[in-house]
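Have a look at start10.cif below; it lists mmCIF, C-alpha atoms.
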data_data
#
loop_
_atom_site.label_atom_id
_atom_site.label_comp_id
_atom_site.auth_asym_id
_atom_site.auth_seq_id
_atom_site.Cartn_x
_atom_site.Cartn_y
_atom_site.Cartn_z
CA MET A 735 102.81 88.47 132.29
CA SER A 736 100.97 89.59 135.45
CA GLU A 737 100.99 93.24 136.44
CA ASP A 738 102.91 92.75 139.72
CA ILE A 739 105.77 91.07 137.83
CA GLU A 740 105.93 94.00 135.41
CA ARG A 741 105.92 96.47 138.32
CA ASN A 742 108.69 94.58 140.09
CA LEU A 743 110.84 94.36 136.97
CA ASP A 744 110.40 98.06 136.29
CA THR A 745 111.13 98.98 139.93
CA GLN A 746 114.22 96.77 140.15
CA SER A 747 115.51 98.27 136.90
CA ARG A 748 115.08 101.78 138.31
CA ARG A 749 116.77 100.81 141.59
CA LEU A 750 119.70 99.31 139.71
CA ASP A 751 120.03 102.56 137.76
CA ASP A 752 120.12 104.41 141.09
CA ILE A 753 122.84 102.06 142.33
CA GLU A 754 124.92 102.72 139.23
CA ASP A 755 124.46 106.49 139.71
CA LEU A 756 125.48 106.14 143.36
CA ILE A 757 128.60 104.15 142.49
CA ARG A 758 129.50 106.60 139.73
CA ALA A 759 129.11 109.58 142.09
CA THR A 760 131.21 107.85 144.74
CA LEU A 761 134.00 107.09 142.28
CA ASP A 762 133.94 110.70 141.08
CA ASP A 763 134.04 111.90 144.72
CA GLN A 764 130.73 113.71 144.31
CA GLU A 765 127.63 113.94 146.42
CA PRO A 766 125.11 111.32 145.20
CA ALA A 767 121.97 112.86 143.76
CA VAL A 768 119.76 109.79 144.10
CA GLN A 769 117.38 109.17 146.96
CA ARG A 770 118.30 106.22 149.15
CA THR A 771 115.83 103.48 149.84
CA ARG A 772 116.34 100.94 152.61
CA GLY A 773 114.93 97.43 152.64
CA SER A 774 115.62 94.03 154.12
CA HIS A 775 118.54 92.20 152.60
CA ARG A 776 116.54 89.02 152.11
CA GLN A 777 112.91 89.25 151.08
CA THR A 778 110.24 86.88 149.89
CA TYR A 779 108.52 87.70 146.64
CA ASP A 780 105.47 89.10 148.45
CA GLU A 781 107.70 91.22 150.68
CA LEU A 782 109.62 92.45 147.65
CA THR A 783 106.37 93.36 145.89
CA THR A 784 105.08 95.28 148.91
CA PHE A 785 108.38 97.10 149.33
CA ASN A 786 108.61 97.97 145.63
CA ASP A 787 105.03 99.29 145.58
CA HIS A 788 105.90 101.50 148.55
CA VAL A 789 109.00 102.77 146.74
CA ARG A 790 107.01 103.45 143.58
CA THR A 791 104.48 105.50 145.54
CA GLN A 792 107.22 107.37 147.36
CA ARG A 793 109.22 108.09 144.20
CA GLU A 794 106.09 108.70 142.05
CA TRP A 795 106.98 106.01 139.52
CA THR A 796 103.62 105.65 137.84
CA GLU A 797 104.62 104.36 134.40
CA ILE A 798 105.97 100.91 133.61
CA ASP A 799 108.69 101.07 130.96
CA LEU A 800 110.26 97.66 130.56
CA ASP A 801 112.11 98.68 127.40
CA SER A 802 114.33 101.01 129.39
CA ALA A 803 115.58 98.00 131.37
CA LEU A 804 117.14 96.59 128.19
CA THR A 805 120.32 97.61 126.49
CA GLU A 806 120.20 98.39 122.78
CA GLN A 807 121.74 95.00 122.02
CA GLN A 808 119.20 93.23 124.23
CA ARG A 809 116.35 95.20 122.64
CA GLN A 810 117.46 94.17 119.15
CA ALA A 811 117.78 90.56 120.26
CA TRP A 812 114.27 90.71 121.75
CA GLU A 813 112.76 92.13 118.55
CA LEU A 814 114.60 89.54 116.47
CA TRP A 815 113.34 86.75 118.73
CA GLN A 816 109.78 88.02 118.37
CA HIS A 817 110.11 87.81 114.59
CA LYS A 818 111.08 84.14 114.86
CA HIS A 819 107.67 82.97 116.03
CA ARG A 820 104.50 82.99 113.95
CA LEU A 821 101.30 84.37 115.47
CA THR A 822 98.61 81.86 116.34
CA TRP A 823 95.38 82.34 114.43
CA SER A 824 92.45 83.66 116.44
CA ALA A 825 88.79 82.73 116.05
CA SER A 826 88.22 85.94 114.08
CA ASP A 827 90.99 84.90 111.63
CA LEU A 828 89.17 81.65 110.93
CA VAL A 829 85.86 83.48 110.53
CA THR A 830 87.46 85.90 108.05
CA VAL A 831 88.90 83.10 105.93
CA GLY A 832 85.54 81.32 106.00
CA ALA A 833 83.64 84.47 105.00
CA VAL A 834 86.01 85.17 102.12
CA GLY A 835 85.65 81.54 101.06
CA VAL A 836 81.86 81.88 100.96
CA ILE A 837 82.17 84.98 98.76
CA GLY A 838 84.60 83.14 96.48
CA MET A 839 82.27 80.14 96.33
CA LEU A 840 79.35 82.32 95.23
CA CYS A 841 81.48 84.07 92.60
CA THR A 842 82.73 80.71 91.31
CA TRP A 843 79.41 78.90 91.33
CA PHE A 844 77.65 81.68 89.44
CA ASP A 845 80.60 82.57 87.20
CA ALA A 846 78.75 81.59 84.02
CA SER A 847 75.83 83.88 84.89
CA ILE A 848 78.21 86.68 85.85
CA ASP A 849 80.12 86.27 82.57
CA ARG A 850 76.88 86.27 80.58
CA THR A 851 75.79 89.47 82.30
CA ILE A 852 79.14 91.14 81.61
CA ARG A 853 78.98 89.98 77.99
CA ASP A 854 75.51 91.50 77.57
CA ARG A 855 76.61 94.74 79.22
CA LEU A 856 79.54 95.04 76.83
CA LYS A 857 77.44 94.67 73.68
CA PRO A 858 76.31 98.33 73.61
CA LEU A 859 79.97 99.40 73.81
CA VAL A 860 80.72 97.71 70.49
CA SER A 861 78.62 100.31 68.67
CA SER A 862 79.90 103.25 70.72
CA ASP A 863 81.95 105.99 69.06
CA ILE A 864 85.16 105.12 70.91
CA VAL A 865 85.10 101.41 70.08
CA SER A 866 83.97 102.14 66.53
CA GLY A 867 86.99 104.40 66.19
CA TRP A 868 89.28 101.64 67.48
CA GLU A 869 87.72 99.13 65.11
CA LYS A 870 88.10 101.48 62.15
CA ALA A 871 91.73 102.25 63.00
CA GLY A 872 92.52 98.53 63.28
CA LYS A 873 90.85 97.47 60.03
CA ARG A 874 92.65 95.68 57.19
CA LEU A 875 95.51 94.37 59.28
CA PRO A 876 97.16 91.06 58.26
CA ILE A 877 96.53 89.57 61.72
CA ASP A 878 92.80 89.50 60.89
CA TYR A 879 93.24 87.22 57.89
CA MET A 880 90.42 84.63 57.70
CA GLY A 881 91.24 82.64 54.57
CA PRO A 882 90.90 78.85 54.16
CA GLY A 883 91.94 77.07 57.36
CA PHE A 884 92.08 80.26 59.40
CA GLY A 885 88.45 81.32 59.60
CA GLY A 886 85.58 80.52 61.95
CA ARG A 887 84.63 82.00 65.29
CA ALA A 888 87.87 80.71 66.82
CA HIS A 889 90.13 82.30 64.18
CA ARG A 890 91.83 84.52 66.77
CA ILE A 891 93.67 81.56 68.28
CA LYS A 892 95.03 80.27 64.97
CA SER A 893 97.89 82.76 64.71
CA ALA A 894 100.04 85.04 66.84
CA GLY A 895 98.18 88.20 65.86
CA HIS A 896 95.58 88.06 68.64
CA ASP A 897 97.78 86.47 71.30
CA LEU A 898 98.63 88.96 74.04
CA ALA A 899 101.75 86.94 74.81
CA ARG A 900 103.16 87.47 71.28
CA PRO A 901 102.96 91.21 70.49
CA ILE A 902 106.36 91.30 68.75
CA GLU A 903 105.31 88.73 66.15
CA ALA A 904 102.00 90.55 65.62
CA ILE A 905 103.80 93.86 65.05
CA ARG A 906 106.21 92.21 62.60
CA GLN A 907 103.29 90.88 60.54
CA ILE A 908 101.67 94.34 60.50
CA MET A 909 104.95 95.99 59.48
CA ALA A 910 105.53 93.45 56.72
CA GLY A 911 101.91 93.53 55.57
CA GLU A 912 101.90 89.73 55.60
CA PHE A 913 99.91 87.17 57.58
CA ARG A 914 101.89 84.16 58.85
CA GLY A 915 100.54 81.00 60.39
CA HIS A 916 100.54 77.19 60.27
CA LEU A 917 97.94 75.13 58.46
CA TRP A 918 97.55 71.66 59.94
CA GLN A 919 96.76 68.93 57.44
CA ALA A 920 97.12 65.17 57.35
CA GLY A 921 100.77 65.41 56.40
CA GLY A 922 101.64 67.81 59.23
CA ALA A 923 102.12 71.54 59.56
CA THR A 924 102.34 73.72 56.47
CA PRO A 925 103.70 77.27 56.95
CA VAL A 926 101.38 79.83 55.41
CA ALA A 927 102.37 83.38 54.42
CA VAL A 928 99.70 85.55 52.80
CA GLY A 929 100.19 89.05 51.50
CA GLY A 930 97.51 91.19 50.02
CA ASN A 931 95.65 94.42 50.23
CA PHE A 932 96.49 95.07 53.87
CA ARG A 933 96.98 98.45 55.56
CA GLN A 934 100.42 99.90 55.00
CA VAL A 935 102.27 100.76 58.22
CA ASP A 936 105.65 102.48 58.14
CA THR A 937 106.87 102.60 61.76
CA TRP A 938 106.91 100.31 64.77
CA ALA A 939 105.10 102.94 66.83
CA GLU A 940 102.24 103.10 64.35
CA ALA A 941 102.11 99.30 64.12
CA ALA A 942 101.94 99.01 67.92
CA LEU A 943 99.18 101.65 68.05
CA ARG A 944 97.13 99.89 65.34
CA LEU A 945 97.56 96.56 67.11
CA ALA A 946 96.46 98.01 70.46
CA GLN A 947 93.36 99.60 68.92
CA HIS A 948 92.48 96.37 67.12
CA LEU A 949 92.83 94.24 70.27
CA LEU A 950 90.87 96.72 72.40
CA ALA A 951 88.01 96.53 69.94
CA ASP A 952 88.16 92.70 69.93
CA VAL A 953 88.44 92.15 73.68
CA ILE A 954 84.92 93.42 74.41
CA THR A 955 83.29 91.28 71.72
CA PRO A 956 81.47 88.07 72.82
CA MET A 957 84.44 85.88 71.78
CA SER A 958 86.91 88.29 73.43
CA LEU A 959 90.59 87.28 73.05
CA PRO A 960 92.17 83.87 73.73
CA ILE A 961 94.14 83.25 76.90
CA PRO A 962 97.73 84.56 76.40
CA GLY A 963 100.01 81.84 75.08
CA MET A 964 97.23 79.61 73.71
CA SER A 965 98.41 80.15 70.12
CA PHE A 966 101.61 78.28 71.04
CA LEU A 967 99.49 75.26 71.92
CA TYR A 968 97.66 75.50 68.60
CA GLU A 969 101.02 75.49 66.79
CA SER A 970 102.43 72.52 68.74
CA ASP A 971 103.11 69.10 67.22
CA SER A 972 100.63 67.45 69.59
CA LYS A 973 97.14 67.07 68.13
CA ALA A 974 95.72 66.76 71.65
CA LEU A 975 97.13 70.16 72.60
CA ARG A 976 95.92 71.74 69.36
CA ASP A 977 92.40 70.37 69.87
CA PHE A 978 92.40 71.49 73.48
CA ALA A 979 93.41 75.06 72.60
CA LEU A 980 90.92 75.30 69.72
CA HIS A 981 87.88 73.85 71.51
CA ALA A 982 88.61 75.51 74.86
CA TYR A 983 88.49 78.91 73.16
CA SER A 984 85.69 78.07 70.73
CA GLY A 985 83.37 76.77 73.47
CA LEU A 986 80.10 74.93 73.06
CA GLU A 987 78.53 78.13 71.79
CA ALA A 988 79.77 81.56 70.77
CA GLY A 989 81.14 83.46 73.76
CA SER A 990 81.15 80.47 76.14
CA GLY A 991 84.76 79.46 75.55
CA TRP A 992 87.84 80.11 77.66
CA SER A 993 88.83 83.70 76.94
CA VAL A 994 90.54 86.70 78.51
CA ARG A 995 87.17 87.94 79.77
CA ASN A 996 86.02 84.86 81.68
CA GLY A 997 89.45 83.34 82.27
CA ILE A 998 91.39 86.34 83.59
CA VAL A 999 89.29 89.48 84.09
CA THR A 1000 86.24 88.03 85.86
CA PRO A 1001 88.12 85.60 88.17
CA GLY A 1002 90.75 88.29 88.66
CA MET A 1003 88.07 90.45 90.27
CA THR A 1004 87.47 87.66 92.81
CA VAL A 1005 91.19 87.62 93.59
CA LEU A 1006 91.20 91.40 93.97
CA VAL A 1007 88.20 91.34 96.34
CA THR A 1008 89.88 88.62 98.41
CA GLU A 1009 93.06 90.68 98.72
CA ILE A 1010 91.13 93.79 99.75
CA LEU A 1011 89.01 92.00 102.37
CA VAL A 1012 91.86 90.08 104.02
CA ARG A 1013 94.31 92.98 104.01
CA THR A 1014 91.70 95.38 105.39
CA TYR A 1015 90.84 92.95 108.18
CA VAL A 1016 94.49 92.44 109.17
CA HIS A 1017 95.30 96.16 109.23
CA LEU A 1018 92.16 96.98 111.24
CA ASP A 1019 92.96 94.20 113.71
CA VAL A 1020 96.52 95.46 114.18
CA TYR A 1021 95.26 99.03 114.53
CA GLN A 1022 92.91 97.98 117.34
CA GLN A 1023 95.75 96.21 119.14
CA THR A 1024 98.58 98.71 118.71
CA GLY A 1025 97.01 101.99 117.61
CA THR A 1026 98.82 101.89 114.27
CA ALA A 1027 98.02 100.08 111.04
CA ARG A 1028 101.69 99.39 110.31
CA LEU A 1029 102.50 95.66 110.19
CA ASP A 1030 105.59 94.23 111.83
CA PRO A 1031 107.10 90.98 110.46
CA PRO A 1032 104.98 88.60 112.62
CA HIS A 1033 101.74 90.29 111.50
CA THR A 1034 102.98 90.32 107.91
CA ARG A 1035 103.49 86.55 108.17
CA ARG A 1036 99.98 86.15 109.55
CA ARG A 1037 98.58 88.26 106.68
CA ASN A 1038 100.38 86.08 104.12
CA GLU A 1039 99.05 82.94 105.80
CA LEU A 1040 95.47 84.25 105.77
CA LEU A 1041 95.80 85.23 102.10
CA LEU A 1042 97.21 81.81 101.25
CA ALA A 1043 94.35 80.05 103.02
CA SER A 1044 91.72 82.26 101.36
CA HIS A 1045 93.08 81.92 97.83
CA SER A 1046 93.65 78.18 98.32
CA LEU A 1047 90.03 77.77 99.37
CA ILE A 1048 88.77 79.70 96.34
CA SER A 1049 91.08 77.73 94.03
CA ALA A 1050 89.82 74.44 95.43
CA ILE A 1051 86.21 75.55 94.98
CA SER A 1052 86.83 76.53 91.35
CA LEU A 1053 88.50 73.19 90.57
CA GLY A 1054 85.62 71.50 92.33
CA LYS A 1055 83.18 73.18 89.97
CA VAL A 1056 85.14 71.94 86.96
CA ALA A 1057 84.91 68.40 88.29
CA ALA A 1058 81.23 68.83 89.19
CA GLN A 1059 80.32 70.11 85.71
CA MET A 1060 82.10 67.24 84.00
CA THR A 1061 80.56 64.67 86.35
CA ALA A 1062 77.06 66.08 85.88
CA HIS A 1063 77.32 65.94 82.07
CA TYR A 1064 78.85 62.47 82.16
CA TYR A 1065 76.09 60.92 84.27
CA SER A 1066 73.45 62.72 82.22
CA GLY A 1067 74.63 60.72 79.21
CA ASN A 1068 76.18 63.72 77.45
CA TYR A 1069 79.74 62.43 77.20
CA VAL A 1070 80.77 65.08 74.63
CA ARG A 1071 79.91 67.91 77.00
CA ALA A 1072 81.52 66.08 79.90
CA VAL A 1073 84.96 66.02 78.28
CA HIS A 1074 84.74 69.36 76.46
CA PRO A 1075 87.83 71.52 77.15
CA SER A 1076 85.76 74.67 77.64
CA HIS A 1077 84.94 73.51 81.19
CA ILE A 1078 88.37 74.77 82.20
CA ARG A 1079 86.92 78.29 82.13
CA HIS A 1080 85.47 77.57 85.60
CA ALA A 1081 88.98 77.14 87.06
CA ASN A 1082 90.12 80.36 88.69
CA ILE A 1083 93.56 80.61 87.10
CA PRO A 1084 94.46 83.96 88.74
CA ALA A 1085 93.64 82.48 92.17
CA LEU A 1086 95.75 79.40 91.41
CA LEU A 1087 98.70 81.56 90.37
CA ARG A 1088 98.30 83.77 93.43
CA THR A 1089 98.12 80.69 95.65
CA GLY A 1090 101.38 79.40 94.21
CA ALA A 1091 103.11 82.74 94.75
CA LEU A 1092 101.82 83.01 98.33
CA ALA A 1093 102.89 79.44 99.09
CA GLY A 1094 106.43 80.38 98.13
CA THR A 1095 106.23 83.53 100.28
CA VAL A 1096 104.96 81.65 103.34
CA VAL A 1097 107.64 78.97 102.99
CA ASN A 1098 110.31 81.65 102.60
CA ASP A 1099 109.02 83.46 105.71
CA ALA A 1100 109.24 80.25 107.72
CA TYR A 1101 112.72 79.51 106.40
CA ARG A 1102 114.01 82.98 107.28
CA ALA A 1103 112.46 82.73 110.74
CA SER A 1104 114.15 79.37 111.31
CA LYS A 1105 117.54 81.03 110.76
CA ILE A 1106 116.97 83.48 113.63
CA PRO A 1107 118.84 82.30 116.76
CA SER A 1108 116.61 80.83 119.45
CA ALA A 1109 116.29 82.35 122.90
CA ARG A 1110 118.72 81.18 125.56
CA SER A 1111 117.51 78.26 127.66
CA TRP A 1112 116.68 78.59 131.34
CA ASN A 1113 119.83 76.64 132.25
CA ASP A 1114 121.97 79.08 130.26
CA LEU A 1115 120.27 82.05 131.91
CA ILE A 1116 120.70 80.58 135.42
CA SER A 1117 124.34 79.78 134.72
CA ALA A 1118 125.06 83.27 133.37
CA THR A 1119 123.23 84.92 136.29
CA ALA A 1120 124.84 82.75 138.94
CA GLN A 1121 128.44 83.13 137.77
CA PRO A 1122 129.10 86.53 139.37
CA TRP A 1123 127.78 85.24 142.69
CA GLN A 1124 130.29 82.38 142.71
CA LEU A 1125 133.24 84.77 143.19
CA ASP A 1126 135.18 84.48 146.45
CA LEU A 1127 134.66 88.19 147.16
CA VAL A 1128 130.88 87.82 146.98
CA ASN A 1129 130.97 84.79 149.29
CA SER A 1130 133.08 86.74 151.78
CA ILE A 1131 130.64 89.65 151.78
CA GLU A 1132 127.69 87.28 152.13
CA ASN A 1133 129.32 85.53 155.10
CA LEU A 1134 130.33 88.84 156.69
CA SER A 1135 126.86 90.36 156.35
CA SER A 1136 125.13 87.28 157.75
CA THR A 1137 127.47 86.49 160.73
CA GLU A 1138 129.48 89.50 161.89
CA LEU A 1139 127.13 92.45 161.33
CA PRO A 1140 123.66 92.95 162.78
CA ALA A 1141 120.81 93.29 160.25
CA GLU A 1142 120.44 96.99 160.92
CA HIS A 1143 124.07 97.52 159.85
CA ASP A 1144 123.83 95.47 156.65
CA PRO A 1145 126.11 97.28 154.15
CA PHE A 1146 123.57 96.68 151.37
CA ASN A 1147 120.98 98.76 153.25
CA ASP A 1148 122.88 101.87 152.31
CA LEU A 1149 122.29 101.17 148.66
CA PRO A 1150 119.07 102.23 146.93
#

Final structure tokens representation of the file:
Amino acid sequence: MSEDIERNLDTQSRRLDDIEDLIRATLDDQEPAVQRTRGSHRQTYDELTTFNDHVRTQREWTEIDLDSALTEQQRQAWELWQHKHRLTWSASDLVTVGAVGVIGMLCTWFDASIDRTIRDRLKPLVSSDIVSGWEKAGKRLPIDYMGPGFGGRAHRIKSAGHDLARPIEAIRQIMAGEFRGHLWQAGGATPVAVGGNFRQVDTWAEAALRLAQHLLADVITPMSLPIPGMSFLYESDSKALRDFALHAYSGLEAGSGWSVRNGIVTPGMTVLVTEILVRTYVHLDVYQQTGTARLDPPHTRRRNELLLASHSLISAISLGKVAAQMTAHYYSGNYVRAVHPSHIRHANIPALLRTGALAGTVVNDAYRASKIPSARSWNDLISATAQPWQLDLVNSIENLSSTELPAEHDPFNDLP
């Protein structure tokens, strides 16, 4: 909106307030306190602008406050209408999404090197006093049973004891002093229950503490812990799912499988960095525009859209690496490595989950905005504005002022 339109709207609003004060004083039989301003009854827009600027100078109206021209109901309707429309992305929005995508691409493409570095950095912690204390406190628990059929480097996925999604079952085994699992043989699943010289635990609180200490000591080892819920796959009736769970966690070599470290923690850091960068950018941009970092609903929608685009881009890049790794091994003649389930570790599962959640949020924002009533059309506004001027009294005054009275005696000239 141009500045002269804003000045005219503000001036006309102030003059209408003066007219209302004048009418109110007249009805109360009091002396009007407002200053009268005289102008031509009919004016072109340029003449109106010149006259209003003169009035503003004379009355010292220096500020433009369009909000005061609205009633509280109109102001609420205006704010609600603003919330209906999404903000168009600017060039800086696109640059931000692209920059975050580049960072995500680098983190994804070098995820194996990053995981190897983290794994090497964690090795000294295994021999530290704190971790040694955890390991000692968690010794001789039934969940660590490694008898026939339950041993090997992938033994942690073969029962509920090391599954972060099944703590209740793990605590029950510790309380009972009995390992429970399923041994898969040619004839199907055979339930296995093994007691023995395990640590005696008397209370649930102690069992939970021992379990926590045991898992904390295991999570920083090269094999780490399996992805939560993977033990359910290993106990399923489908051999394909059991093989997938076992080999995805086992990996092609020790520590290269799909674990909590490289499947949740490391990619989760990429998700966290993405959230920080996008949110910081949005709040700084709003602060530069409005002087406050507080987001109104339209800017919140824009933030959610930028986050969705950024996480979607990172998710697509991570899935692209999975496909690229499998394709590279396949065309190199190494078919076993091409189809190995451990390649799934390159997929950024936290980013995929966050993308799904944000997609639902963005769709919900659009749905809620669609329920907000639309603004009145120009025809409705013209009809509503013109109705008062169709009254017979108004026509009589118009005819009287234009035919029977000279311009200098126009009754409207006495009004502000």

Produce a table with one row for each residue of region 916-951 of chain A that has an atom at most 9 Å from any atom of region 866-887 of chain A, each row naming the nearest atom pair and its distance in Å at one decimal; use all atoms listed in the file; arrange rows by chain and rising residue number; format as JSON lines.
{"residue": "A:Leu917", "atom": "CA", "partner": "A:Gly883", "partner_atom": "CA", "distance": 6.4}
{"residue": "A:Trp918", "atom": "CA", "partner": "A:Gly883", "partner_atom": "CA", "distance": 8.2}
{"residue": "A:Val928", "atom": "CA", "partner": "A:Pro876", "partner_atom": "CA", "distance": 8.2}
{"residue": "A:Gly929", "atom": "CA", "partner": "A:Pro876", "partner_atom": "CA", "distance": 7.7}
{"residue": "A:Gly930", "atom": "CA", "partner": "A:Pro876", "partner_atom": "CA", "distance": 8.2}
{"residue": "A:Asn931", "atom": "CA", "partner": "A:Arg874", "partner_atom": "CA", "distance": 7.7}
{"residue": "A:Phe932", "atom": "CA", "partner": "A:Arg874", "partner_atom": "CA", "distance": 5.1}
{"residue": "A:Arg933", "atom": "CA", "partner": "A:Arg874", "partner_atom": "CA", "distance": 5.4}
{"residue": "A:Gln934", "atom": "CA", "partner": "A:Leu875", "partner_atom": "CA", "distance": 8.5}
{"residue": "A:Leu943", "atom": "CA", "partner": "A:Gly872", "partner_atom": "CA", "distance": 8.8}
{"residue": "A:Arg944", "atom": "CA", "partner": "A:Gly872", "partner_atom": "CA", "distance": 5.2}
{"residue": "A:Leu945", "atom": "CA", "partner": "A:Gly872", "partner_atom": "CA", "distance": 6.6}
{"residue": "A:Ala946", "atom": "CA", "partner": "A:Gly872", "partner_atom": "CA", "distance": 8.2}
{"residue": "A:Gln947", "atom": "CA", "partner": "A:Trp868", "partner_atom": "CA", "distance": 4.8}
{"residue": "A:His948", "atom": "CA", "partner": "A:Gly872", "partner_atom": "CA", "distance": 4.4}
{"residue": "A:Leu949", "atom": "CA", "partner": "A:Gly872", "partner_atom": "CA", "distance": 8.2}
{"residue": "A:Leu950", "atom": "CA", "partner": "A:Trp868", "partner_atom": "CA", "distance": 7.1}
{"residue": "A:Ala951", "atom": "CA", "partner": "A:Glu869", "partner_atom": "CA", "distance": 5.5}

If we count all atoms listed in the file, what is near His1045 (chain A) at a cut-off of 8 Å, once residues fewer than 2 positions away on the same chain are taken out, given as a PyMOL selection string? chain A and resi 1005+1008+1041-1043+1047-1049+1085-1086+1088-1089

For the atom pair CA of Thr783 (chain A) and CA of Asp751 (chain A), what is the interatomic distance in Å to one decimal place? 18.4 Å

Å distance separating CA of Pro858 (chain A) from CA of Ser958 (chain A), one decimal place: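 Distance reported for this atom pair: 14.6 Å.
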
Would you pick out the contacts of Arg855 (chain A) at 12 Å or less, using all atoms listed in the file, so that residues sharing its chain but fewer than 6 positions from it are not included, and give the list as a list in words?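 So the residues in contact are Ile848, Asp849, Ile954, Thr955 and Pro956 of chain A.
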
For the structure provided, state which residues fall under the PyMOL selection byres ((chain A and resi 837-841) around 12), and present them as JSON, numbers by chain. {"A": [830, 831, 832, 833, 834, 835, 836, 842, 843, 844, 845, 846, 847, 848, 849, 996, 1000, 1001, 1002, 1003, 1004, 1005, 1006, 1007, 1008, 1009, 1011, 1044, 1045, 1046, 1047, 1048, 1049, 1050, 1051, 1052, 1053, 1054, 1055, 1080, 1081, 1082, 1085]}

Residues from the last selection, C-alpha atoms, saved as a short mmCIF file (atom, residue, chain, number, x, y, z; two decimals), in the coordinates of the input:
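Contents of selection-v5.cif, as written:
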data_model
loop_
_atom_site.label_atom_id
_atom_site.label_comp_id
_atom_site.auth_asym_id
_atom_site.auth_seq_id
_atom_site.Cartn_x
_atom_site.Cartn_y
_atom_site.Cartn_z
CA THR A 830 87.46 85.90 108.05
CA VAL A 831 88.90 83.10 105.93
CA GLY A 832 85.54 81.32 106.00
CA ALA A 833 83.64 84.47 105.00
CA VAL A 834 86.01 85.17 102.12
CA GLY A 835 85.65 81.54 101.06
CA VAL A 836 81.86 81.88 100.96
CA THR A 842 82.73 80.71 91.31
CA TRP A 843 79.41 78.90 91.33
CA PHE A 844 77.65 81.68 89.44
CA ASP A 845 80.60 82.57 87.20
CA ALA A 846 78.75 81.59 84.02
CA SER A 847 75.83 83.88 84.89
CA ILE A 848 78.21 86.68 85.85
CA ASP A 849 80.12 86.27 82.57
CA ASN A 996 86.02 84.86 81.68
CA THR A 1000 86.24 88.03 85.86
CA PRO A 1001 88.12 85.60 88.17
CA GLY A 1002 90.75 88.29 88.66
CA MET A 1003 88.07 90.45 90.27
CA THR A 1004 87.47 87.66 92.81
CA VAL A 1005 91.19 87.62 93.59
CA LEU A 1006 91.20 91.40 93.97
CA VAL A 1007 88.20 91.34 96.34
CA THR A 1008 89.88 88.62 98.41
CA GLU A 1009 93.06 90.68 98.72
CA LEU A 1011 89.01 92.00 102.37
CA SER A 1044 91.72 82.26 101.36
CA HIS A 1045 93.08 81.92 97.83
CA SER A 1046 93.65 78.18 98.32
CA LEU A 1047 90.03 77.77 99.37
CA ILE A 1048 88.77 79.70 96.34
CA SER A 1049 91.08 77.73 94.03
CA ALA A 1050 89.82 74.44 95.43
CA ILE A 1051 86.21 75.55 94.98
CA SER A 1052 86.83 76.53 91.35
CA LEU A 1053 88.50 73.19 90.57
CA GLY A 1054 85.62 71.50 92.33
CA LYS A 1055 83.18 73.18 89.97
CA HIS A 1080 85.47 77.57 85.60
CA ALA A 1081 88.98 77.14 87.06
CA ASN A 1082 90.12 80.36 88.69
CA ALA A 1085 93.64 82.48 92.17
#

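Remark: for Lys857 (chain A), the closest of the candidate residues A:Asp952, A:Thr784, A:Thr1014, A:Ala899 is A:Asp952 (distances computed over only C-alpha atoms).
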
Rounded to one decimal place, report the CA of Asp971 (chain A)-CA of Arg914 (chain A) distance in Å.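 Between CA of Asp971 (chain A) and CA of Arg914 (chain A) the gap works out to 17.3 Å.
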
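Nearest residue to Ile908 (chain A), choosing from A:Asp738, A:Ile891, A:Ala939, A:Gly991 and counting all atoms listed in the file: A:Ala939.
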
Near His916 (chain A), within 9 Å and counting all atoms listed in the file, which residues show up once chain neighbours fewer than 5 positions away are dropped, as a PyMOL selection string? chain A and resi 892-893+923-927+968-969

Given all atoms listed in the file as the basis, pick out the residue of A:Asp827, A:Ile852, A:Glu940, A:Leu821 nearest to Pro1031 (chain A). A:Leu821

Distance criterion (only C-alpha atoms): nearest to Met964 (chain A) out of A:Thr851, A:Ala979, A:Asp799, A:Ala910: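 Closest to Met964 (chain A) of all the choices is A:Ala979.
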
What lies within 8 Å of Val935 (chain A) using all atoms listed in the file, ignoring chain neighbours under 6 positions off, as a PyMOL selection string? chain A and resi 908-909+911+941

Given the selection you just returned, output its residues as a file containing C-alpha atoms, formatted as a PDB file, in the frame of the given file.
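Printed below is again_36.pdb as written:
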ATOM      1  CA  ILE A 908     101.670  94.340  60.500  1.00  0.00           C
ATOM      2  CA  MET A 909     104.950  95.990  59.480  1.00  0.00           C
ATOM      3  CA  GLY A 911     101.910  93.530  55.570  1.00  0.00           C
ATOM      4  CA  ALA A 941     102.110  99.300  64.120  1.00  0.00           C
TER       5      ALA A 941
END

Taking all atoms listed in the file into account, name the residue in A:Arg906, A:Arg850, A:His1074, A:Asn1038 that is nearest to Gly1094 (chain A).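 Smallest separation from Gly1094 (chain A) among the options: A:Asn1038.
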
Quick one: which residues end up in the PyMOL selection byres ((chain A and resi 1078) around 8) for this structure, as a VMD selection string? chain A and resid 982 992 1056 1075 to 1077 1079 to 1081

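Among A:Gln1022, A:Gly989, A:Val994, A:Ala1062, the residue with the shortest atom-to-atom distance to Asp854 (chain A), counting all atoms listed in the file, is A:Gly989.
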